$ cat work28.csv   # CSV, C-alpha atoms and all ligand atoms
chain,number,residue,atom,x,y,z
A,1,MET,CA,-14.6,-35.0,44.5
A,2,ASN,CA,-12.8,-31.7,43.8
A,3,ARG,CA,-9.0,-31.2,43.6
A,4,HIS,CA,-7.4,-28.0,44.8
A,5,TYR,CA,-3.9,-27.5,43.3
A,6,ILE,CA,-1.2,-24.9,42.9
A,7,ALA,CA,-0.9,-23.2,39.5
A,8,PHE,CA,2.2,-21.0,38.9
A,9,THR,CA,0.5,-18.7,36.4
A,10,THR,CA,3.6,-16.5,36.5
A,11,PRO,CA,6.9,-17.4,38.3
A,12,GLU,CA,5.8,-15.0,41.1
A,13,THR,CA,2.1,-16.1,41.3
A,14,ALA,CA,0.9,-19.2,43.0
A,15,ASP,CA,-2.9,-19.5,42.5
A,16,VAL,CA,-4.9,-22.1,44.3
A,17,THR,CA,-7.1,-23.6,41.5
A,18,THR,CA,-10.0,-26.1,41.7
A,19,ASP,CA,-11.0,-28.8,39.2
A,20,SER,CA,-12.4,-32.3,39.5
A,21,ALA,CA,-10.2,-35.0,41.1
A,22,PRO,CA,-8.6,-37.3,38.5
A,23,THR,CA,-9.7,-40.9,38.3
A,24,PRO,CA,-6.9,-43.5,38.8
A,25,GLY,CA,-6.1,-45.5,35.7
A,26,GLY,CA,-4.7,-49.1,35.6
A,27,GLY,CA,-2.1,-49.7,38.3
A,28,GLU,CA,-2.7,-46.2,39.8
A,29,VAL,CA,-4.2,-45.0,43.1
A,30,LEU,CA,-5.6,-41.6,44.1
A,31,VAL,CA,-3.9,-40.3,47.3
A,32,LYS,CA,-5.5,-37.6,49.5
A,33,VAL,CA,-2.4,-35.6,50.0
A,34,HIS,CA,-1.7,-34.6,53.6
A,35,HIS,CA,1.8,-33.4,52.9
A,36,ALA,CA,4.0,-32.9,49.8
A,37,GLY,CA,7.8,-32.7,49.7
A,38,ILE,CA,9.5,-29.7,48.1
A,39,ASN,CA,12.4,-30.2,45.7
A,40,ARG,CA,14.8,-27.9,44.0
A,41,ALA,CA,13.4,-29.0,40.7
A,42,ASP,CA,10.0,-27.5,41.7
A,43,VAL,CA,11.6,-24.1,42.1
A,44,LEU,CA,13.2,-24.4,38.7
A,45,GLN,CA,9.9,-25.6,37.1
A,46,ARG,CA,8.2,-22.5,38.6
A,47,LEU,CA,10.8,-20.3,37.1
A,48,GLY,CA,10.4,-21.9,33.7
A,49,LEU,CA,13.9,-23.4,33.7
A,50,TYR,CA,12.9,-27.1,34.1
A,51,PRO,CA,9.7,-27.9,32.1
A,52,PRO,CA,8.0,-31.2,33.1
A,53,PRO,CA,8.3,-34.1,30.6
A,54,GLU,CA,5.4,-34.2,28.1
A,55,ASP,CA,3.7,-37.1,29.7
A,56,ALA,CA,3.8,-35.6,33.2
A,57,SER,CA,1.2,-33.6,35.1
A,58,PRO,CA,1.9,-29.8,34.6
A,59,ILE,CA,1.0,-29.4,38.3
A,60,PRO,CA,4.2,-29.1,40.4
A,61,GLY,CA,5.1,-31.6,43.1
A,62,LEU,CA,7.1,-34.8,42.8
A,63,GLU,CA,6.3,-36.6,46.1
A,64,VAL,CA,3.4,-36.8,48.5
A,65,ALA,CA,2.2,-38.6,51.6
A,66,GLY,CA,-1.4,-39.2,52.7
A,67,GLU,CA,-4.2,-41.7,52.4
A,68,VAL,CA,-5.4,-43.8,49.5
A,69,VAL,CA,-8.9,-42.7,48.6
A,70,ALA,CA,-9.5,-44.6,45.3
A,71,VAL,CA,-7.8,-47.6,43.7
A,72,GLY,CA,-7.7,-48.1,40.0
A,73,PRO,CA,-8.0,-51.4,38.1
A,74,GLU,CA,-5.0,-53.8,38.1
A,75,CYS,CA,-3.8,-52.7,41.6
A,76,THR,CA,-2.9,-55.7,43.6
A,77,HIS,CA,-2.1,-54.7,47.2
A,78,LEU,CA,-3.1,-51.1,48.2
A,79,GLN,CA,-6.6,-50.5,49.5
A,80,VAL,CA,-8.7,-47.4,50.3
A,81,GLY,CA,-7.6,-46.1,53.7
A,82,ASP,CA,-3.9,-47.2,53.5
A,83,ARG,CA,-1.4,-44.6,54.5
A,84,VAL,CA,1.3,-44.2,51.9
A,85,CYS,CA,4.1,-42.0,50.7
A,86,ALA,CA,4.6,-41.9,46.9
A,87,LEU,CA,6.5,-40.5,44.0
A,88,THR,CA,4.2,-38.7,41.6
A,89,HIS,CA,4.7,-37.9,37.9
A,90,GLY,CA,4.0,-34.2,38.9
A,91,GLY,CA,0.7,-33.2,40.6
A,92,GLY,CA,1.8,-33.3,44.2
A,93,TYR,CA,1.1,-29.7,45.2
A,94,ALA,CA,-2.6,-30.5,45.5
A,95,SER,CA,-5.3,-31.9,47.8
A,96,VAL,CA,-5.4,-35.2,45.8
A,97,ALA,CA,-2.8,-36.7,43.5
A,98,ILE,CA,-2.4,-39.8,41.3
A,99,ALA,CA,0.5,-42.2,41.9
A,100,ARG,CA,1.4,-45.6,40.5
A,101,GLU,CA,0.8,-48.3,43.1
A,102,ASP,CA,4.3,-49.6,42.5
A,103,HIS,CA,5.7,-46.1,43.3
A,104,CYS,CA,4.1,-46.1,46.8
A,105,LEU,CA,5.6,-47.2,50.1
A,106,THR,CA,3.2,-48.1,52.9
A,107,LEU,CA,3.8,-45.7,55.9
A,108,PRO,CA,4.3,-47.3,59.3
A,109,ASP,CA,2.4,-45.8,62.3
A,110,THR,CA,5.7,-44.5,63.6
A,111,LEU,CA,6.0,-42.0,60.7
A,112,THR,CA,3.7,-38.9,60.2
A,113,THR,CA,2.7,-37.9,56.7
A,114,GLU,CA,4.9,-34.8,57.2
A,115,GLN,CA,7.9,-37.1,57.6
A,116,GLY,CA,6.7,-39.5,54.8
A,117,ALA,CA,6.5,-36.7,52.3
A,118,ALA,CA,10.2,-36.1,52.8
A,119,LEU,CA,11.2,-39.6,51.7
A,120,PRO,CA,10.3,-40.9,48.2
A,121,GLU,CA,12.4,-38.5,46.0
A,122,ALA,CA,15.5,-38.8,48.3
A,123,LEU,CA,15.2,-42.5,48.7
A,124,LEU,CA,14.9,-43.2,45.0
A,125,THR,CA,17.5,-40.6,43.9
A,126,VAL,CA,20.1,-42.1,46.4
A,127,TRP,CA,19.2,-45.7,45.7
A,128,TYR,CA,19.5,-45.4,41.9
A,129,ASN,CA,22.5,-43.1,41.8
A,130,VAL,CA,24.6,-44.3,44.7
A,131,PHE,CA,23.8,-48.0,44.9
A,132,GLU,CA,22.9,-48.8,41.3
A,133,ARG,CA,24.9,-46.4,39.0
A,134,GLY,CA,27.6,-46.0,41.6
A,135,ARG,CA,27.6,-49.6,42.7
A,136,LEU,CA,28.5,-48.7,46.3
A,137,ALA,CA,29.4,-51.9,48.3
A,138,LYS,CA,29.7,-52.6,52.0
A,139,GLY,CA,33.1,-51.5,53.3
A,140,GLU,CA,33.7,-48.9,50.6
A,141,THR,CA,34.0,-45.1,51.1
A,142,VAL,CA,31.4,-42.8,49.7
A,143,LEU,CA,31.4,-39.0,49.5
A,144,ILE,CA,27.8,-37.6,49.6
A,145,HIS,CA,28.1,-33.9,48.7
A,146,GLY,CA,25.6,-31.7,50.4
A,147,GLY,CA,24.8,-33.9,53.4
A,148,SER,CA,22.7,-30.9,54.7
A,149,SER,CA,20.3,-31.2,51.7
A,150,GLY,CA,17.1,-33.1,51.4
A,151,ILE,CA,18.8,-35.7,49.2
A,152,GLY,CA,22.1,-35.8,51.2
A,153,SER,CA,20.6,-36.0,54.7
A,154,ILE,CA,18.9,-39.3,53.7
A,155,GLY,CA,21.9,-40.4,51.5
A,156,VAL,CA,24.3,-40.2,54.4
A,157,GLN,CA,22.0,-42.3,56.6
A,158,MET,CA,21.4,-44.9,53.8
A,159,ALA,CA,25.0,-45.3,53.0
A,160,ARG,CA,26.0,-45.7,56.6
A,161,MET,CA,23.3,-48.2,57.2
A,162,MET,CA,24.5,-50.2,54.2
A,163,GLY,CA,28.0,-50.5,55.7
A,164,ALA,CA,29.9,-47.8,53.9
A,165,THR,CA,32.3,-45.2,55.4
A,166,VAL,CA,30.5,-41.9,54.7
A,167,ILE,CA,32.1,-38.5,54.2
A,168,SER,CA,30.3,-35.4,53.1
A,169,THR,CA,30.2,-31.7,52.6
A,170,ALA,CA,28.1,-28.8,54.0
A,171,GLY,CA,28.2,-25.0,54.0
A,172,SER,CA,29.2,-24.0,57.6
A,173,SER,CA,30.9,-25.6,60.6
A,174,GLN,CA,27.5,-26.0,62.4
A,175,ARG,CA,26.0,-27.7,59.3
A,176,CYS,CA,29.1,-30.0,59.1
A,177,GLU,CA,28.5,-31.0,62.7
A,178,ALA,CA,24.9,-31.7,62.0
A,179,VAL,CA,25.8,-34.0,59.0
A,180,GLN,CA,28.3,-35.8,61.2
A,181,ALA,CA,25.5,-36.5,63.7
A,182,LEU,CA,23.6,-38.2,60.8
A,183,GLY,CA,26.5,-40.7,60.5
A,184,ALA,CA,29.2,-39.1,58.4
A,185,ARG,CA,32.8,-39.9,59.5
A,186,PHE,CA,34.1,-36.5,58.2
A,187,VAL,CA,32.4,-33.5,56.7
A,188,ALA,CA,34.2,-30.7,54.8
A,189,ASN,CA,33.0,-27.1,54.4
A,190,HIS,CA,32.3,-26.5,50.7
A,191,ARG,CA,32.3,-22.7,51.3
A,192,GLU,CA,36.0,-22.7,52.2
A,193,ASP,CA,38.4,-22.6,49.3
A,194,ASN,CA,40.5,-25.7,50.1
A,195,LEU,CA,37.9,-28.4,49.7
A,196,ALA,CA,40.3,-31.1,48.4
A,197,ALA,CA,42.9,-30.2,51.0
A,198,GLN,CA,40.3,-30.7,53.8
A,199,PHE,CA,39.7,-34.3,52.6
A,200,GLU,CA,43.4,-34.8,52.1
A,201,SER,CA,44.3,-33.8,55.6
A,202,ALA,CA,41.6,-36.1,56.9
A,203,GLY,CA,43.2,-39.0,54.9
A,204,PHE,CA,40.5,-39.5,52.3
A,205,ALA,CA,42.1,-38.1,49.1
A,206,GLY,CA,42.5,-40.8,46.5
A,207,HIS,CA,40.5,-43.3,48.6
A,208,VAL,CA,36.9,-42.4,47.7
A,209,ASP,CA,35.1,-45.3,45.9
A,210,VAL,CA,31.8,-43.5,45.1
A,211,ILE,CA,31.0,-39.8,44.9
A,212,LEU,CA,27.4,-38.4,44.7
A,213,ASP,CA,27.9,-34.9,43.2
A,214,ILE,CA,25.0,-32.5,43.6
A,215,ALA,CA,26.8,-29.4,42.4
A,216,GLY,CA,29.0,-30.0,39.2
A,217,GLY,CA,31.0,-27.1,37.8
A,218,ASP,CA,34.5,-26.9,39.4
A,219,LEU,CA,33.6,-29.7,41.8
A,220,THR,CA,34.0,-32.2,39.0
A,221,GLN,CA,37.8,-32.1,38.9
A,222,THR,CA,38.0,-32.1,42.7
A,223,ASN,CA,35.9,-35.3,42.6
A,224,LEU,CA,38.2,-36.9,40.0
A,225,ASP,CA,41.2,-36.0,42.3
A,226,LEU,CA,39.5,-37.4,45.4
A,227,ALA,CA,38.4,-40.7,43.8
A,228,ALA,CA,40.1,-44.0,44.4
A,229,PRO,CA,41.3,-46.2,41.5
A,230,ASP,CA,38.1,-47.6,39.7
A,231,GLY,CA,36.1,-45.0,41.5
A,232,ARG,CA,32.6,-44.0,40.3
A,233,ILE,CA,31.4,-40.4,40.3
A,234,VAL,CA,27.6,-39.8,39.8
A,235,CYS,CA,26.5,-36.2,39.0
A,236,ILE,CA,22.9,-35.3,39.7
A,237,GLY,CA,23.0,-31.5,40.0
A,238,VAL,CA,24.7,-28.4,38.6
A,239,MET,CA,24.5,-25.8,41.4
A,240,ARG,CA,28.1,-24.9,40.8
A,241,GLY,CA,27.7,-24.8,37.0
A,242,MET,CA,26.8,-27.0,33.9
A,243,GLN,CA,30.3,-26.7,32.4
A,244,SER,CA,33.4,-28.2,33.8
A,245,GLU,CA,37.0,-28.3,32.5
A,246,ILE,CA,38.5,-31.6,33.6
A,247,ASN,CA,41.9,-33.3,33.2
A,248,LEU,CA,41.0,-36.4,31.2
A,249,ALA,CA,44.2,-38.1,32.3
A,250,THR,CA,42.8,-38.4,35.8
A,251,LEU,CA,40.0,-40.5,34.3
A,252,PHE,CA,42.2,-43.0,32.5
A,253,MET,CA,45.0,-43.1,35.0
A,254,LYS,CA,42.6,-44.2,37.7
A,255,ARG,CA,40.0,-46.0,35.4
A,256,LEU,CA,37.2,-43.8,36.8
A,257,THR,CA,33.6,-43.8,35.7
A,258,LEU,CA,31.9,-40.4,35.4
A,259,THR,CA,28.1,-40.8,35.0
A,260,GLY,CA,24.8,-39.2,36.1
A,261,SER,CA,21.0,-39.3,35.8
A,262,THR,CA,17.8,-37.4,36.4
A,263,LEU,CA,15.0,-39.1,38.1
A,264,ARG,CA,12.3,-37.3,36.1
A,265,ARG,CA,13.5,-39.0,32.9
A,266,LEU,CA,13.9,-42.5,34.4
A,267,GLU,CA,11.4,-45.0,32.9
A,268,THR,CA,8.4,-45.9,35.0
A,269,THR,CA,9.4,-49.5,35.1
A,270,GLU,CA,12.9,-48.6,36.3
A,271,ARG,CA,11.4,-46.5,39.1
A,272,ALA,CA,9.1,-49.4,40.1
A,273,ARG,CA,12.1,-51.8,40.1
A,274,CYS,CA,14.1,-49.4,42.3
A,275,PHE,CA,11.1,-49.1,44.7
A,276,GLY,CA,11.1,-52.9,44.9
A,277,ALA,CA,14.8,-52.8,45.9
A,278,ILE,CA,14.2,-50.0,48.4
A,279,ARG,CA,11.3,-52.0,50.0
A,280,GLU,CA,13.7,-54.9,50.5
A,281,HIS,CA,17.0,-53.2,51.5
A,282,ILE,CA,16.1,-49.7,52.9
A,283,TRP,CA,12.5,-49.5,54.1
A,284,PRO,CA,13.0,-51.9,57.1
A,285,SER,CA,15.5,-49.4,58.5
A,286,VAL,CA,13.1,-46.6,57.9
A,287,VAL,CA,10.3,-48.5,59.7
A,288,ALA,CA,12.8,-49.3,62.6
A,289,GLY,CA,13.7,-45.6,62.9
A,290,ASP,CA,17.3,-46.2,61.9
A,291,ILE,CA,16.9,-43.9,58.9
A,292,ARG,CA,15.0,-40.8,59.8
A,293,PRO,CA,13.6,-38.1,57.5
A,294,VAL,CA,14.9,-34.7,58.4
A,295,VAL,CA,12.1,-32.1,58.0
A,296,ASP,CA,13.2,-28.5,58.6
A,297,GLN,CA,9.9,-26.6,58.2
A,298,THR,CA,6.4,-27.1,56.9
A,299,TYR,CA,4.4,-24.5,55.1
A,300,PRO,CA,0.7,-24.4,54.2
A,301,LEU,CA,0.0,-25.1,50.6
A,302,ASN,CA,-1.0,-21.5,49.9
A,303,ALA,CA,2.3,-20.3,51.2
A,304,VAL,CA,4.3,-22.2,48.6
A,305,LEU,CA,6.1,-19.1,47.4
A,306,ASP,CA,7.5,-18.5,50.9
A,307,ALA,CA,8.6,-22.2,51.0
A,308,HIS,CA,10.3,-21.8,47.6
A,309,GLU,CA,12.1,-18.6,48.8
A,310,HIS,CA,13.3,-20.5,51.9
A,311,MET,CA,14.8,-23.2,49.5
A,312,ARG,CA,16.3,-20.5,47.3
A,313,LEU,CA,18.0,-18.9,50.3
A,314,GLY,CA,19.4,-22.3,51.3
A,315,THR,CA,19.1,-21.9,55.0
A,316,HIS,CA,17.1,-25.1,55.5
A,317,PHE,CA,18.6,-28.4,56.7
A,318,GLY,CA,17.0,-31.5,55.2
A,319,LYS,CA,13.6,-31.1,53.7
A,320,LEU,CA,10.9,-28.5,53.3
A,321,VAL,CA,7.4,-29.8,53.2
A,322,LEU,CA,3.9,-28.4,52.3
A,323,ASP,CA,0.8,-29.1,54.3
A,324,CYS,CA,-1.8,-29.7,51.6
A,325,GLN,CA,-4.7,-30.1,54.1
A,326,VAL,CA,-4.7,-26.3,54.6
A,327,VAL,CA,-5.7,-24.6,51.4
B,1,LIG,N1,19.2,-35.8,39.1
B,1,LIG,C1,18.2,-36.1,39.9
B,1,LIG,O1,17.5,-37.0,39.7
B,1,LIG,C2,18.0,-35.3,41.1
B,1,LIG,C3,17.0,-35.6,42.0
B,1,LIG,C4,16.9,-34.8,43.2
B,1,LIG,C5,17.7,-33.7,43.4
B,1,LIG,N2,18.7,-33.5,42.5
B,1,LIG,C6,19.6,-32.3,42.7
B,1,LIG,O2,20.3,-32.6,43.9
B,1,LIG,C7,20.6,-31.3,44.5
B,1,LIG,C8,20.1,-31.4,45.9
B,1,LIG,O3,18.7,-31.3,45.9
B,1,LIG,P1,17.9,-31.0,47.2
B,1,LIG,O4,16.4,-30.9,46.8
B,1,LIG,O5,18.2,-32.0,48.2
B,1,LIG,O6,18.4,-29.5,47.5
B,1,LIG,P2,18.6,-28.7,48.9
B,1,LIG,O7,17.9,-29.4,50.0
B,1,LIG,O8,18.2,-27.3,48.6
B,1,LIG,O9,20.2,-28.8,49.2
B,1,LIG,C9,21.1,-28.1,48.5
B,1,LIG,C10,22.5,-28.6,48.9
B,1,LIG,O10,23.5,-28.1,48.1
B,1,LIG,C11,24.6,-27.6,48.9
B,1,LIG,N3,25.2,-26.5,48.2
B,1,LIG,C12,24.6,-25.3,47.9
B,1,LIG,N4,25.5,-24.5,47.2
B,1,LIG,C13,26.6,-25.3,47.0
B,1,LIG,C14,27.8,-25.1,46.3
B,1,LIG,N5,28.1,-24.0,45.6
B,1,LIG,N6,28.7,-26.1,46.3
B,1,LIG,C15,28.5,-27.3,46.9
B,1,LIG,N7,27.3,-27.5,47.6
B,1,LIG,C16,26.4,-26.6,47.6
B,1,LIG,C17,23.9,-27.1,50.2
B,1,LIG,O11,24.8,-27.1,51.3
B,1,LIG,P3,24.7,-26.0,52.5
B,1,LIG,O12,23.2,-25.5,52.5
B,1,LIG,O13,25.0,-26.7,53.7
B,1,LIG,O14,25.6,-24.9,52.1
B,1,LIG,C18,22.8,-28.2,50.4
B,1,LIG,O15,23.4,-29.3,51.0
B,1,LIG,C19,20.0,-30.3,43.6
B,1,LIG,O16,21.0,-29.8,42.8
B,1,LIG,C20,18.9,-31.0,42.9
B,1,LIG,O17,18.6,-30.4,41.7
B,1,LIG,C21,18.8,-34.2,41.4
$ encode --input "work28.csv" --output "structure tokens"
Amino acid sequence: MNRHYIAFTTPETADVTTDSAPTPGGGEVLVKVHHAGINRADVLQRLGLYPPPEDASPIPGLEVAGEVVAVGPECTHLQVGDRVCALTHGGGYASVAIAREDHCLTLPDTLTTEQGAALPEALLTVWYNVFERGRLAKGETVLIHGGSSGIGSIGVQMARMMGATVISTAGSSQRCEAVQALGARFVANHREDNLAAQFESAGFAGHVDVILDIAGGDLTQTNLDLAAPDGRIVCIGVMRGMQSEINLATLFMKRLTLTGSTLRRLETTERARCFGAIREHIWPSVVAGDIRPVVDQTYPLNAVLDAHEHMRLGTHFGKLVLDCQVV
């Protein structure tokens, strides 16, 4: 079997290249990719700003959905023909991709592969950062920055479903309303100057137990100010800058925790453990339709540069997806 995949020979060149399909190793499956999710990290990888880890596939693409076409040794539950969505260790922008069996979720008939491809990265990122590192508990208040993003649109729904009061941010009044429709109690506009004041007048300043920060920079001090005593702030992105000047007194006066992580560097076993927790706590709500992937637009695989430009412009709401059946 051949594999067609995208190679970014230069940052502005996406070549469709062909080689032999890889053979799944122990605990791995080969997925015929129907759709692949697009992530901001893919754009950075294309630009040479976020090289993949040494043990990862150099082919871009961190999440896929499709059909299992080969099963490696030591797999225990997936079979050829199963419909899955999966996190990959790179290699998703392709006609077939390798995934670990324990990094797959079985797709219900109610979800298309287009919707499935929008889920693994967001589910895992939110689960690990909000519920594990941030220890969000039922009844607490969580601020998910960027509720309009691929990550945030799922995060708002997950946190609401787990019994938290969810507040969020987005970049226009229309986008704020759309995030409210996903289940956020209050959404502030991050493009207006007075972000902290917006939360203050809504009664949330000083009462936020967990904050998922996707932007960093000057947002860090705002987060520290909004946090409740013993609050947890988890930073996963730096769209507003890698450097922050913060008032450390805010940290110790309120006993705050400031932490972060990047999924690409999380150990394989940790990812598998998180998928186990997602299967137990979150996936039943996805199957029931209570948590819905938000797909803005789907592009053919060979139009990947157009899709990346769409993401760079930031006009999408939710996820952008590639159709890998059209090469
Ligand atoms: N560490 C990890 O493991 C990990 C994993 C996945 C993603 N991430 C990071 O999480 C972030 C979201 O990823 P994604 O793929 O979901 O991206 P995305 O869909 O492109 O969403 C970007 C989000 O950022 C908001 N935004 C843009 N500029 C902003 C600013 N200056 N201040 C505040 N918010 C701003 C956008 O809001 P509007 O469009 O409404 O203005 C939108 O909600 C990225 O930074 C990504 O690198 C990290």
$ residues_around --input "work28.csv" --residues "Ala277 of chain A" --least-positions-apart "6" --cutoff "12 Å" --atoms "all atoms listed in the file" --output "PDB file with C-alpha atoms, keeping the file's coordinate frame"
ATOM      1  CA  ASP A 102       4.300 -49.600  42.500  1.00  0.00           C
ATOM      2  CA  HIS A 103       5.700 -46.100  43.300  1.00  0.00           C
ATOM      3  CA  LEU A 105       5.600 -47.200  50.100  1.00  0.00           C
ATOM      4  CA  LEU A 123      15.200 -42.500  48.700  1.00  0.00           C
ATOM      5  CA  LEU A 124      14.900 -43.200  45.000  1.00  0.00           C
ATOM      6  CA  VAL A 126      20.100 -42.100  46.400  1.00  0.00           C
ATOM      7  CA  TRP A 127      19.200 -45.700  45.700  1.00  0.00           C
ATOM      8  CA  TYR A 128      19.500 -45.400  41.900  1.00  0.00           C
ATOM      9  CA  PHE A 131      23.800 -48.000  44.900  1.00  0.00           C
ATOM     10  CA  GLU A 132      22.900 -48.800  41.300  1.00  0.00           C
ATOM     11  CA  GLU A 270      12.900 -48.600  36.300  1.00  0.00           C
ATOM     12  CA  ARG A 271      11.400 -46.500  39.100  1.00  0.00           C
ATOM     13  CA  TRP A 283      12.500 -49.500  54.100  1.00  0.00           C
ATOM     14  CA  PRO A 284      13.000 -51.900  57.100  1.00  0.00           C
TER      15      PRO A 284
END
$ closest_atom_pairs --input "work28.csv" --of "chain A" --to "ligand LIG 1 (chain B)" --cutoff "7 Å" --atoms "all atoms listed in the file" --output "tab-separated table"
residue	atom	partner	partner_atom	distance
A:Asn39	CA	B:LIG1	O4	4.2
A:Arg40	CA	B:LIG1	O4	4.4
A:Ala41	CA	B:LIG1	O17	5.5
A:Glu121	CA	B:LIG1	C4	6.5
A:Ala122	CA	B:LIG1	C4	6.6
A:Thr125	CA	B:LIG1	C3	5.4
A:His145	CA	B:LIG1	N7	6.5
A:Gly146	CA	B:LIG1	O15	3.3
A:Gly147	CA	B:LIG1	O15	5.4
A:Ser148	CA	B:LIG1	O15	4.1
A:Ser149	CA	B:LIG1	O7	3.4
A:Gly150	CA	B:LIG1	O5	3.6
A:Ile151	CA	B:LIG1	O5	3.9
A:Gly152	CA	B:LIG1	O5	6.2
A:Ala170	CA	B:LIG1	O13	3.8
A:Gly171	CA	B:LIG1	O14	3.2
A:Ser172	CA	B:LIG1	O13	6.3
A:Arg175	CA	B:LIG1	O13	5.8
A:His190	CA	B:LIG1	C15	5.4
A:Ile214	CA	B:LIG1	C7	4.6
A:Ala215	CA	B:LIG1	C15	5.2
A:Ile236	CA	B:LIG1	N1	3.8
A:Gly237	CA	B:LIG1	O16	3.8
A:Val238	CA	B:LIG1	O16	5.8
A:Met239	CA	B:LIG1	O16	5.5
A:Arg240	CA	B:LIG1	N5	4.9
A:Ser261	CA	B:LIG1	N1	5.1
A:Thr262	CA	B:LIG1	O1	3.3
A:Leu263	CA	B:LIG1	O1	3.6
A:Arg264	CA	B:LIG1	O1	6.3
A:Met311	CA	B:LIG1	O8	5.4
A:Gly314	CA	B:LIG1	O12	5.1
A:Thr315	CA	B:LIG1	O12	6.0
A:His316	CA	B:LIG1	O12	6.8
A:Phe317	CA	B:LIG1	O7	6.8
A:Gly318	CA	B:LIG1	O7	5.7
A:Lys319	CA	B:LIG1	O7	5.9
$ closest_residue --input "work28.csv" --among "A:Arg292, A:Arg191, A:Lys254, A:Arg265" --to "Glu54 of chain A" --atoms "all atoms listed in the file"
A:Arg265
$ residues_around --input "work28.csv" --residues "Thr298 of chain A" --least-positions-apart "5" --cutoff "12 Å" --atoms "only C-alpha atoms" --output "number ranges by chain"
A: 34-38, 113-115, 117-118, 303-304, 306-308, 310-311, 316, 318-326
$ closest_residue --input "work28.csv" --among "A:Cys176, A:Ala86, A:Leu256, A:Val234" --to "Gly206 of chain A" --atoms "all atoms listed in the file"
A:Leu256
$ residues_around --input "work28.csv" --residues "Leu44 of chain A" --least-positions-apart "5" --cutoff "10 Å" --atoms "only C-alpha atoms" --output "list in words"
Pro11, Asn39, Leu49, Tyr50, Pro51, His308 and Arg312 of chain A
$ residues_near_point --input "work28.csv" --point "(42.6, -32.9, 45.8)" --cutoff "12 Å" --atoms "all atoms listed in the file" --output "ChimeraX atom specification"
/A:193-208,218-228,250
$ residues_around --input "work28.csv" --residues "Ala97 of chain A" --least-positions-apart "4" --cutoff "8 Å" --atoms "all atoms listed in the file" --output "ChimeraX atom specification"
/A:21-22,30-33,64,88,91-92
$ atom_distance --input "work28.csv" --atom1 "atom CA of Lys138 of chain A" --atom2 "atom CA of Gly116 of chain A"
26.6 Å
$ closest_residue --input "work28.csv" --among "A:Gln180, A:Pro60, A:Ala188, A:Cys85" --to "Ala14 of chain A" --atoms "only C-alpha atoms"
A:Pro60
$ atom_distance --input "work28.csv" --atom1 "atom CA of Ser153 of chain A" --atom2 "atom CA of Arg83 of chain A"
23.6 Å
$ closest_residue --input "work28.csv" --among "A:Gly26, A:Pro120, A:Pro229, A:Pro73" --to "Ile282 of chain A" --atoms "only C-alpha atoms"
A:Pro120
$ atom_distance --input "work28.csv" --atom1 "atom CA of Gln297 of chain A" --atom2 "atom CA of Leu313 of chain A"
13.7 Å
$ residues_around --input "work28.csv" --residues "Ala159 of chain A" --least-positions-apart "4" --cutoff "9 Å" --atoms "only C-alpha atoms" --output "PDB file with C-alpha atoms, keeping the file's coordinate frame"
ATOM      1  CA  VAL A 126      20.100 -42.100  46.400  1.00  0.00           C
ATOM      2  CA  VAL A 130      24.600 -44.300  44.700  1.00  0.00           C
ATOM      3  CA  PHE A 131      23.800 -48.000  44.900  1.00  0.00           C
ATOM      4  CA  LEU A 136      28.500 -48.700  46.300  1.00  0.00           C
ATOM      5  CA  LYS A 138      29.700 -52.600  52.000  1.00  0.00           C
ATOM      6  CA  VAL A 142      31.400 -42.800  49.700  1.00  0.00           C
ATOM      7  CA  ILE A 144      27.800 -37.600  49.600  1.00  0.00           C
ATOM      8  CA  ILE A 154      18.900 -39.300  53.700  1.00  0.00           C
ATOM      9  CA  GLY A 155      21.900 -40.400  51.500  1.00  0.00           C
ATOM     10  CA  GLY A 163      28.000 -50.500  55.700  1.00  0.00           C
ATOM     11  CA  ALA A 164      29.900 -47.800  53.900  1.00  0.00           C
ATOM     12  CA  THR A 165      32.300 -45.200  55.400  1.00  0.00           C
ATOM     13  CA  VAL A 166      30.500 -41.900  54.700  1.00  0.00           C
ATOM     14  CA  GLY A 183      26.500 -40.700  60.500  1.00  0.00           C
TER      15      GLY A 183
END
